[in-house]
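A.B. asks: Input entry-v2.cif, format and content: mmCIF, N, CA and C atoms.
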data_upload
#
loop_
_atom_site.label_atom_id
_atom_site.label_comp_id
_atom_site.auth_asym_id
_atom_site.auth_seq_id
_atom_site.Cartn_x
_atom_site.Cartn_y
_atom_site.Cartn_z
N MET A 1 156.00 68.01 148.39
CA MET A 1 154.85 67.53 147.70
C MET A 1 154.39 68.53 146.65
N ASN A 2 153.65 68.00 145.70
CA ASN A 2 153.17 68.84 144.61
C ASN A 2 151.85 69.53 145.01
N PHE A 3 151.79 70.83 144.71
CA PHE A 3 150.62 71.62 145.08
C PHE A 3 149.37 71.21 144.30
N LEU A 4 149.50 70.78 143.05
CA LEU A 4 148.37 70.39 142.23
C LEU A 4 147.65 69.15 142.76
N LEU A 5 148.34 68.35 143.50
CA LEU A 5 147.69 67.16 144.03
C LEU A 5 146.71 67.51 145.14
N PHE A 6 146.89 68.66 145.76
CA PHE A 6 146.00 69.07 146.83
C PHE A 6 144.71 69.74 146.34
N ILE A 7 144.65 70.15 145.07
CA ILE A 7 143.45 70.82 144.54
C ILE A 7 142.37 69.78 144.30
N ASN A 8 141.20 70.11 144.71
CA ASN A 8 140.07 69.21 144.53
C ASN A 8 139.63 69.24 143.06
N LYS A 9 139.58 68.07 142.46
CA LYS A 9 139.22 67.97 141.04
C LYS A 9 137.77 68.38 140.79
N ARG A 10 136.93 68.21 141.74
CA ARG A 10 135.53 68.59 141.60
C ARG A 10 135.41 70.11 141.45
N TYR A 11 136.17 70.89 142.22
CA TYR A 11 136.14 72.35 142.11
C TYR A 11 136.66 72.82 140.76
N ILE A 12 137.64 72.16 140.25
CA ILE A 12 138.18 72.51 138.93
C ILE A 12 137.12 72.26 137.86
N LEU A 13 136.44 71.15 137.93
CA LEU A 13 135.39 70.81 136.95
C LEU A 13 134.25 71.82 137.01
N ILE A 14 133.79 72.19 138.18
CA ILE A 14 132.70 73.16 138.34
C ILE A 14 133.14 74.53 137.82
N ALA A 15 134.33 74.96 138.13
CA ALA A 15 134.84 76.26 137.66
C ALA A 15 134.94 76.28 136.14
N THR A 16 135.40 75.19 135.56
CA THR A 16 135.51 75.11 134.10
C THR A 16 134.13 75.18 133.45
N ILE A 17 133.16 74.48 133.99
CA ILE A 17 131.80 74.51 133.44
C ILE A 17 131.20 75.91 133.58
N LEU A 18 131.40 76.55 134.74
CA LEU A 18 130.86 77.89 134.95
C LEU A 18 131.48 78.93 134.01
N ILE A 19 132.70 78.72 133.61
CA ILE A 19 133.35 79.66 132.68
C ILE A 19 133.01 79.32 131.23
N LEU A 20 133.02 78.05 130.87
CA LEU A 20 132.79 77.65 129.48
C LEU A 20 131.33 77.78 129.05
N PHE A 21 130.39 77.49 129.93
CA PHE A 21 128.97 77.53 129.56
C PHE A 21 128.53 78.93 129.11
N PRO A 22 128.78 79.97 129.87
CA PRO A 22 128.40 81.31 129.38
C PRO A 22 129.15 81.71 128.11
N PHE A 23 130.44 81.33 128.04
CA PHE A 23 131.21 81.66 126.84
C PHE A 23 130.63 80.98 125.60
N LEU A 24 130.33 79.70 125.69
CA LEU A 24 129.76 78.96 124.55
C LEU A 24 128.37 79.47 124.21
N THR A 25 127.58 79.83 125.20
CA THR A 25 126.25 80.39 124.96
C THR A 25 126.36 81.71 124.21
N PHE A 26 127.25 82.57 124.64
CA PHE A 26 127.45 83.87 123.98
C PHE A 26 127.91 83.68 122.53
N VAL A 27 128.87 82.82 122.30
CA VAL A 27 129.39 82.58 120.95
C VAL A 27 128.30 81.99 120.06
N SER A 28 127.53 81.04 120.55
CA SER A 28 126.48 80.43 119.71
C SER A 28 125.37 81.43 119.39
N ILE A 29 125.00 82.29 120.32
CA ILE A 29 123.97 83.31 120.05
C ILE A 29 124.47 84.27 118.98
N LYS A 30 125.71 84.71 119.09
CA LYS A 30 126.27 85.62 118.09
C LYS A 30 126.35 84.94 116.73
N TYR A 31 126.74 83.70 116.68
CA TYR A 31 126.86 82.97 115.42
C TYR A 31 125.51 82.83 114.74
N PHE A 32 124.50 82.40 115.46
CA PHE A 32 123.19 82.20 114.86
C PHE A 32 122.51 83.52 114.49
N SER A 33 122.72 84.55 115.28
CA SER A 33 122.12 85.83 114.92
C SER A 33 122.77 86.41 113.68
N LEU A 34 124.04 86.22 113.48
CA LEU A 34 124.70 86.68 112.26
C LEU A 34 124.18 85.89 111.05
N ASN A 35 123.99 84.61 111.22
CA ASN A 35 123.49 83.80 110.11
C ASN A 35 122.05 84.17 109.76
N LEU A 36 121.24 84.49 110.75
CA LEU A 36 119.86 84.89 110.47
C LEU A 36 119.82 86.23 109.76
N ASN A 37 120.74 87.13 110.09
CA ASN A 37 120.76 88.43 109.44
C ASN A 37 121.28 88.36 108.01
N THR A 38 122.13 87.40 107.72
CA THR A 38 122.69 87.32 106.37
C THR A 38 121.79 86.56 105.41
N ILE A 39 120.85 85.81 105.92
CA ILE A 39 119.93 85.09 105.04
C ILE A 39 118.86 86.07 104.57
N ASP A 40 118.82 86.31 103.28
CA ASP A 40 117.83 87.22 102.71
C ASP A 40 116.58 86.43 102.36
N GLU A 41 115.47 87.01 102.73
CA GLU A 41 114.21 86.38 102.38
C GLU A 41 113.87 86.74 100.94
N ILE A 42 113.57 85.76 100.18
CA ILE A 42 113.18 85.98 98.79
C ILE A 42 111.67 85.88 98.72
N LYS A 43 111.06 87.01 98.35
CA LYS A 43 109.61 87.05 98.24
C LYS A 43 109.26 87.24 96.78
N LEU A 44 108.49 86.36 96.27
CA LEU A 44 108.01 86.48 94.91
C LEU A 44 106.59 86.98 94.94
N GLU A 45 106.38 88.10 94.28
CA GLU A 45 105.03 88.62 94.19
C GLU A 45 104.43 88.11 92.88
N ILE A 46 103.42 87.33 93.02
CA ILE A 46 102.75 86.79 91.85
C ILE A 46 101.63 87.74 91.48
N SER A 47 101.74 88.28 90.32
CA SER A 47 100.76 89.27 89.87
C SER A 47 99.67 88.56 89.07
N SER A 48 98.48 89.11 89.16
CA SER A 48 97.37 88.54 88.40
C SER A 48 97.31 89.15 87.00
N SER A 49 98.21 90.07 86.68
CA SER A 49 98.17 90.72 85.38
C SER A 49 99.17 90.05 84.43
N ASP A 50 98.84 90.15 83.12
CA ASP A 50 99.72 89.60 82.10
C ASP A 50 100.90 90.52 81.80
N ILE A 51 100.65 91.82 81.85
CA ILE A 51 101.67 92.81 81.54
C ILE A 51 101.78 93.78 82.71
N ILE A 52 102.99 94.05 83.14
CA ILE A 52 103.21 95.02 84.20
C ILE A 52 103.77 96.29 83.55
N GLU A 53 103.14 97.42 83.85
CA GLU A 53 103.48 98.73 83.31
C GLU A 53 103.58 98.72 81.77
N PRO A 54 102.46 98.39 81.10
CA PRO A 54 102.48 98.39 79.63
C PRO A 54 102.57 99.79 79.06
N ARG A 55 103.17 99.90 77.88
CA ARG A 55 103.31 101.17 77.17
C ARG A 55 103.00 100.92 75.70
N PHE A 56 102.10 101.74 75.17
CA PHE A 56 101.71 101.64 73.77
C PHE A 56 101.63 103.04 73.18
N ALA A 57 101.41 103.09 71.87
CA ALA A 57 101.24 104.38 71.20
C ALA A 57 100.22 104.23 70.08
N ILE A 58 99.43 105.28 69.89
CA ILE A 58 98.52 105.38 68.76
C ILE A 58 99.08 106.47 67.85
N SER A 59 99.39 106.09 66.63
CA SER A 59 99.97 107.05 65.70
C SER A 59 98.95 107.42 64.65
N ASN A 60 98.78 108.73 64.45
CA ASN A 60 97.94 109.20 63.36
C ASN A 60 98.73 110.24 62.57
N ASP A 61 98.07 110.89 61.62
CA ASP A 61 98.79 111.83 60.76
C ASP A 61 99.27 113.06 61.52
N ASN A 62 98.51 113.50 62.52
CA ASN A 62 98.81 114.76 63.19
C ASN A 62 99.69 114.61 64.42
N GLU A 63 99.51 113.55 65.19
CA GLU A 63 100.23 113.42 66.45
C GLU A 63 100.34 111.97 66.87
N LYS A 64 101.09 111.77 67.95
CA LYS A 64 101.26 110.45 68.52
C LYS A 64 100.73 110.48 69.94
N ILE A 65 99.86 109.52 70.28
CA ILE A 65 99.27 109.44 71.62
C ILE A 65 99.95 108.27 72.35
N PHE A 66 100.58 108.58 73.46
CA PHE A 66 101.26 107.56 74.26
C PHE A 66 100.33 107.06 75.35
N ILE A 67 100.32 105.75 75.55
CA ILE A 67 99.43 105.11 76.52
C ILE A 67 100.29 104.38 77.55
N THR A 68 100.03 104.67 78.83
CA THR A 68 100.72 103.97 79.91
C THR A 68 99.70 103.51 80.95
N ALA A 69 100.05 102.47 81.67
CA ALA A 69 99.18 101.94 82.74
C ALA A 69 100.05 101.19 83.73
N LYS A 70 99.46 100.82 84.86
CA LYS A 70 100.18 100.03 85.87
C LYS A 70 100.14 98.53 85.52
N GLU A 71 98.98 98.06 85.02
CA GLU A 71 98.82 96.64 84.71
C GLU A 71 98.02 96.48 83.43
N GLY A 72 98.17 95.32 82.81
CA GLY A 72 97.40 95.01 81.63
C GLY A 72 97.15 93.51 81.52
N ASN A 73 95.99 93.15 80.98
CA ASN A 73 95.63 91.75 80.77
C ASN A 73 95.13 91.57 79.35
N PHE A 74 95.56 90.50 78.71
CA PHE A 74 95.09 90.20 77.37
C PHE A 74 93.65 89.69 77.45
N VAL A 75 92.77 90.34 76.70
CA VAL A 75 91.38 89.92 76.62
C VAL A 75 91.21 89.02 75.40
N GLU A 76 91.75 89.46 74.29
CA GLU A 76 91.79 88.70 73.04
C GLU A 76 93.19 88.85 72.48
N LYS A 77 93.38 88.39 71.26
CA LYS A 77 94.71 88.44 70.65
C LYS A 77 95.26 89.87 70.61
N ASP A 78 94.47 90.81 70.13
CA ASP A 78 94.93 92.19 69.99
C ASP A 78 94.28 93.15 70.98
N LYS A 79 93.38 92.69 71.83
CA LYS A 79 92.72 93.56 72.80
C LYS A 79 93.33 93.35 74.18
N ILE A 80 93.64 94.48 74.81
CA ILE A 80 94.28 94.46 76.13
C ILE A 80 93.46 95.33 77.08
N LEU A 81 93.16 94.80 78.25
CA LEU A 81 92.48 95.57 79.29
C LEU A 81 93.56 96.23 80.14
N LEU A 82 93.64 97.54 80.06
CA LEU A 82 94.61 98.31 80.84
C LEU A 82 93.94 98.76 82.13
N GLU A 83 94.64 98.58 83.25
CA GLU A 83 94.06 98.87 84.56
C GLU A 83 95.00 99.73 85.38
N ASN A 84 94.42 100.46 86.33
CA ASN A 84 95.14 101.24 87.33
C ASN A 84 95.96 102.38 86.72
N ASN A 85 95.41 103.55 86.83
CA ASN A 85 96.09 104.78 86.43
C ASN A 85 96.50 104.76 84.95
N VAL A 86 95.52 104.56 84.09
CA VAL A 86 95.76 104.54 82.65
C VAL A 86 95.84 105.99 82.16
N LYS A 87 96.90 106.32 81.42
CA LYS A 87 97.09 107.68 80.93
C LYS A 87 97.31 107.67 79.43
N PHE A 88 96.58 108.56 78.75
CA PHE A 88 96.77 108.84 77.34
C PHE A 88 97.36 110.24 77.27
N THR A 89 98.55 110.38 76.73
CA THR A 89 99.16 111.70 76.66
C THR A 89 99.66 111.98 75.25
N SER A 90 99.50 113.23 74.84
CA SER A 90 100.05 113.71 73.58
C SER A 90 100.54 115.13 73.82
N ASN A 91 100.94 115.80 72.77
CA ASN A 91 101.39 117.19 72.92
C ASN A 91 100.23 118.12 73.22
N ASN A 92 99.01 117.74 72.85
CA ASN A 92 97.86 118.63 72.98
C ASN A 92 96.92 118.30 74.14
N PHE A 93 96.89 117.08 74.62
CA PHE A 93 95.93 116.70 75.65
C PHE A 93 96.42 115.51 76.44
N SER A 94 95.66 115.21 77.52
CA SER A 94 95.88 113.99 78.29
C SER A 94 94.52 113.48 78.79
N ILE A 95 94.40 112.18 78.88
CA ILE A 95 93.19 111.54 79.41
C ILE A 95 93.64 110.57 80.50
N ILE A 96 92.96 110.61 81.64
CA ILE A 96 93.27 109.72 82.75
C ILE A 96 92.02 108.93 83.09
N SER A 97 92.17 107.61 83.21
CA SER A 97 91.05 106.73 83.56
C SER A 97 91.60 105.53 84.31
N ASP A 98 90.71 104.61 84.72
CA ASP A 98 91.17 103.43 85.44
C ASP A 98 91.18 102.16 84.60
N ASN A 99 90.11 101.84 83.93
CA ASN A 99 90.03 100.62 83.13
C ASN A 99 89.73 100.98 81.69
N VAL A 100 90.64 100.64 80.80
CA VAL A 100 90.50 100.98 79.39
C VAL A 100 90.81 99.73 78.57
N THR A 101 89.97 99.47 77.57
CA THR A 101 90.23 98.39 76.63
C THR A 101 90.91 98.99 75.41
N PHE A 102 92.10 98.51 75.10
CA PHE A 102 92.89 99.03 73.99
C PHE A 102 93.00 97.95 72.92
N ASP A 103 92.67 98.31 71.68
CA ASP A 103 92.78 97.40 70.54
C ASP A 103 94.02 97.79 69.75
N ARG A 104 95.04 96.94 69.78
CA ARG A 104 96.30 97.28 69.12
C ARG A 104 96.19 97.28 67.60
N SER A 105 95.41 96.38 67.05
CA SER A 105 95.33 96.29 65.58
C SER A 105 94.57 97.48 64.98
N ASN A 106 93.47 97.89 65.59
CA ASN A 106 92.69 99.03 65.08
C ASN A 106 93.14 100.36 65.66
N GLN A 107 94.01 100.32 66.63
CA GLN A 107 94.48 101.50 67.37
C GLN A 107 93.30 102.32 67.90
N THR A 108 92.44 101.63 68.65
CA THR A 108 91.29 102.27 69.29
C THR A 108 91.33 101.95 70.78
N ALA A 109 90.62 102.75 71.54
CA ALA A 109 90.53 102.53 72.99
C ALA A 109 89.18 103.00 73.47
N ASN A 110 88.63 102.30 74.47
CA ASN A 110 87.38 102.75 75.07
C ASN A 110 87.36 102.40 76.56
N SER A 111 86.57 103.20 77.29
CA SER A 111 86.48 103.01 78.73
C SER A 111 85.06 103.30 79.17
N ASN A 112 84.61 102.58 80.18
CA ASN A 112 83.30 102.81 80.79
C ASN A 112 83.45 103.36 82.20
N ASN A 113 84.65 103.78 82.56
CA ASN A 113 84.92 104.33 83.89
C ASN A 113 85.10 105.85 83.81
N LYS A 114 85.06 106.46 84.97
CA LYS A 114 85.23 107.91 85.04
C LYS A 114 86.55 108.29 84.38
N SER A 115 86.48 109.30 83.52
CA SER A 115 87.65 109.74 82.77
C SER A 115 87.78 111.25 82.85
N ILE A 116 89.01 111.71 82.84
CA ILE A 116 89.27 113.14 82.88
C ILE A 116 90.15 113.49 81.68
N PHE A 117 89.64 114.39 80.85
CA PHE A 117 90.34 114.89 79.67
C PHE A 117 90.85 116.29 80.00
N LYS A 118 92.13 116.55 79.76
CA LYS A 118 92.70 117.87 80.03
C LYS A 118 93.48 118.34 78.81
N SER A 119 93.21 119.57 78.42
CA SER A 119 94.02 120.23 77.40
C SER A 119 94.34 121.64 77.91
N LYS A 120 94.87 122.49 77.06
CA LYS A 120 95.32 123.81 77.53
C LYS A 120 94.18 124.63 78.12
N LYS A 121 93.02 124.65 77.47
CA LYS A 121 91.92 125.49 77.95
C LYS A 121 90.63 124.72 78.21
N THR A 122 90.72 123.39 78.26
CA THR A 122 89.50 122.58 78.42
C THR A 122 89.74 121.44 79.39
N ILE A 123 88.74 121.19 80.24
CA ILE A 123 88.72 120.00 81.11
C ILE A 123 87.38 119.33 80.92
N ILE A 124 87.39 118.05 80.59
CA ILE A 124 86.16 117.29 80.39
C ILE A 124 86.20 116.09 81.33
N THR A 125 85.18 115.96 82.17
CA THR A 125 85.03 114.75 82.98
C THR A 125 83.81 114.01 82.45
N SER A 126 83.94 112.71 82.28
CA SER A 126 82.84 111.92 81.73
C SER A 126 82.84 110.54 82.36
N GLU A 127 81.77 109.79 82.06
CA GLU A 127 81.65 108.43 82.57
C GLU A 127 82.32 107.42 81.65
N GLY A 128 82.86 107.87 80.56
CA GLY A 128 83.56 106.98 79.65
C GLY A 128 83.96 107.71 78.38
N PHE A 129 84.75 107.06 77.56
CA PHE A 129 85.18 107.66 76.30
C PHE A 129 85.48 106.56 75.29
N ASN A 130 85.60 106.98 74.05
CA ASN A 130 85.94 106.08 72.97
C ASN A 130 86.89 106.82 72.04
N ILE A 131 88.08 106.30 71.86
CA ILE A 131 89.04 106.86 70.92
C ILE A 131 89.01 105.96 69.68
N TYR A 132 88.74 106.56 68.52
CA TYR A 132 88.68 105.78 67.29
C TYR A 132 89.30 106.57 66.15
N ASP A 133 89.32 106.00 64.97
CA ASP A 133 89.93 106.59 63.78
C ASP A 133 91.40 106.93 64.06
N LYS A 134 92.11 105.97 64.64
CA LYS A 134 93.53 106.08 64.98
C LYS A 134 93.85 107.32 65.81
N GLY A 135 92.97 107.66 66.73
CA GLY A 135 93.20 108.77 67.64
C GLY A 135 92.77 110.12 67.10
N ASN A 136 92.20 110.17 65.90
CA ASN A 136 91.74 111.44 65.36
C ASN A 136 90.45 111.92 66.01
N LYS A 137 89.65 110.97 66.54
CA LYS A 137 88.35 111.33 67.11
C LYS A 137 88.20 110.70 68.49
N ILE A 138 87.64 111.50 69.40
CA ILE A 138 87.37 111.04 70.77
C ILE A 138 85.91 111.34 71.06
N ASN A 139 85.20 110.34 71.49
CA ASN A 139 83.78 110.48 71.82
C ASN A 139 83.63 110.26 73.33
N PHE A 140 83.07 111.24 74.04
CA PHE A 140 82.81 111.11 75.46
C PHE A 140 81.34 110.79 75.66
N TYR A 141 81.03 109.89 76.59
CA TYR A 141 79.64 109.53 76.82
C TYR A 141 79.35 109.39 78.30
N GLY A 142 78.05 109.27 78.59
CA GLY A 142 77.62 109.25 79.97
C GLY A 142 77.48 110.66 80.47
N LYS A 143 77.37 110.82 81.76
CA LYS A 143 77.28 112.15 82.35
C LYS A 143 78.61 112.86 82.13
N THR A 144 78.56 113.99 81.43
CA THR A 144 79.78 114.68 81.03
C THR A 144 79.73 116.13 81.47
N ASN A 145 80.82 116.62 82.04
CA ASN A 145 80.96 118.02 82.42
C ASN A 145 82.11 118.62 81.62
N ILE A 146 81.89 119.82 81.07
CA ILE A 146 82.91 120.49 80.30
C ILE A 146 83.21 121.84 80.98
N ILE A 147 84.49 122.09 81.20
CA ILE A 147 84.92 123.36 81.77
C ILE A 147 85.85 124.01 80.76
N LEU A 148 85.46 125.20 80.27
CA LEU A 148 86.26 125.98 79.33
C LEU A 148 86.90 127.13 80.07
N LYS A 149 88.16 127.35 79.86
CA LYS A 149 88.88 128.44 80.55
C LYS A 149 89.05 129.63 79.63
#
Before anything else, please render the file you have as structure tokens.
C.D. replies:
Amino acid sequence: MNFLLFINKRYILIATILILFPFLTFVSIKYFSLNLNTIDEIKLEISSSDIIEPRFAISNDNEKIFITAKEGNFVEKDKILLENNVKFTSNNFSIISDNVTFDRSNQTANSNNKSIFKSKKTIITSEGFNIYDKGNKINFYGKTNIILK
């Protein structure tokens, strides 16, 4: 007689299920975890500013003043509100402030926020400033402290 005829079919079915179920579970977990890791999340940061990291320059006869900021928004056609770490730098000085209105057509800038002016031997802190005459003149206003070295 054949030995296979004596094996109970029910035991074979249970053994097959007990072996295949963990194997299929393991394979499906690995497959889905790999797919989840390969899918990159795309995050779009919507900024409220019109310009990100704007850069401008004021040119006059003597020097060039470079202007940088983290963000900028158009107020009018030629006026831009520069925000967050606004820096005016030239070979002779630097000014740091937070909110500055820059006029591109007249090449002027003004701020009503705390500002720090630094040059080789002078530090001026004020409540605001006004750069006019294409950067030839700077007017500080509000409570102002001057430190001469």
A.B. asks: Residues picked by the PyMOL selection byres ((chain A and resi 85) around 6) here, as a VMD selection string?
C.D. replies: chain A and resid 68 to 70 83 to 84 86 to 87 97 to 98
A.B. asks: For CA of Ile147 (chain A) and atom C of Thr122 (chain A), quote the distance in Å rounded to one decimal.
C.D. replies: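 Value for the CA of Ile147 (chain A)-atom C of Thr122 (chain A) distance: 5.7 Å.
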A.B. asks: Can you tell me how far atom N of Glu53 (chain A) sits from CA of Gly72 (chain A), in Å to one decimal?
C.D. replies: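 One can read the atom N of Glu53 (chain A) to CA of Gly72 (chain A) distance as 6.6 Å.
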A.B. asks: Which residues fall under the PyMOL selection byres ((chain A and resi 133) around 7) in this file, as a list in words?
C.D. replies: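 On this input, the PyMOL selection byres ((chain A and resi 133) around 7) captures Asn60, Asn106, Gln107, Thr108, Ile131, Tyr132, Lys134, Gly135, Asn136 and Lys137 of chain A.
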A.B. asks: With distances taken over only C-alpha atoms, which residue among A:Thr89, A:Ser28, A:Asn8, A:Thr144 lies nearest Thr125 (chain A)?
C.D. replies: A:Thr144
A.B. asks: Would you list the residues near (84.2, 108.1, 81.4), meaning any protein, DNA or RNA residue with an atom at most 8 Å from that point in file coordinates, counting only C-alpha atoms, as a list in words?
C.D. replies: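 The requested residues, written out, are Ser97, Ser111, Asn112, Asn113, Lys114, Ser115, Ile116, Thr125, Ser126, Glu127, Gly128, Phe129, Phe140, Tyr141, Gly142 and Thr144 of chain A.
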A.B. asks: Hey, what does DSSP flag as strand (DSSP E or B) within region 67-126 of chain A? Can you give it to me as a PyMOL selection string?
C.D. replies: chain A and resi 67-68+71-74+79-89+93-103+108-111+115-119+122-126
A.B. asks: Which distance in Å separates CA of Ile29 (chain A) and CA of Arg10 (chain A), to one decimal?
C.D. replies: 28.5 Å
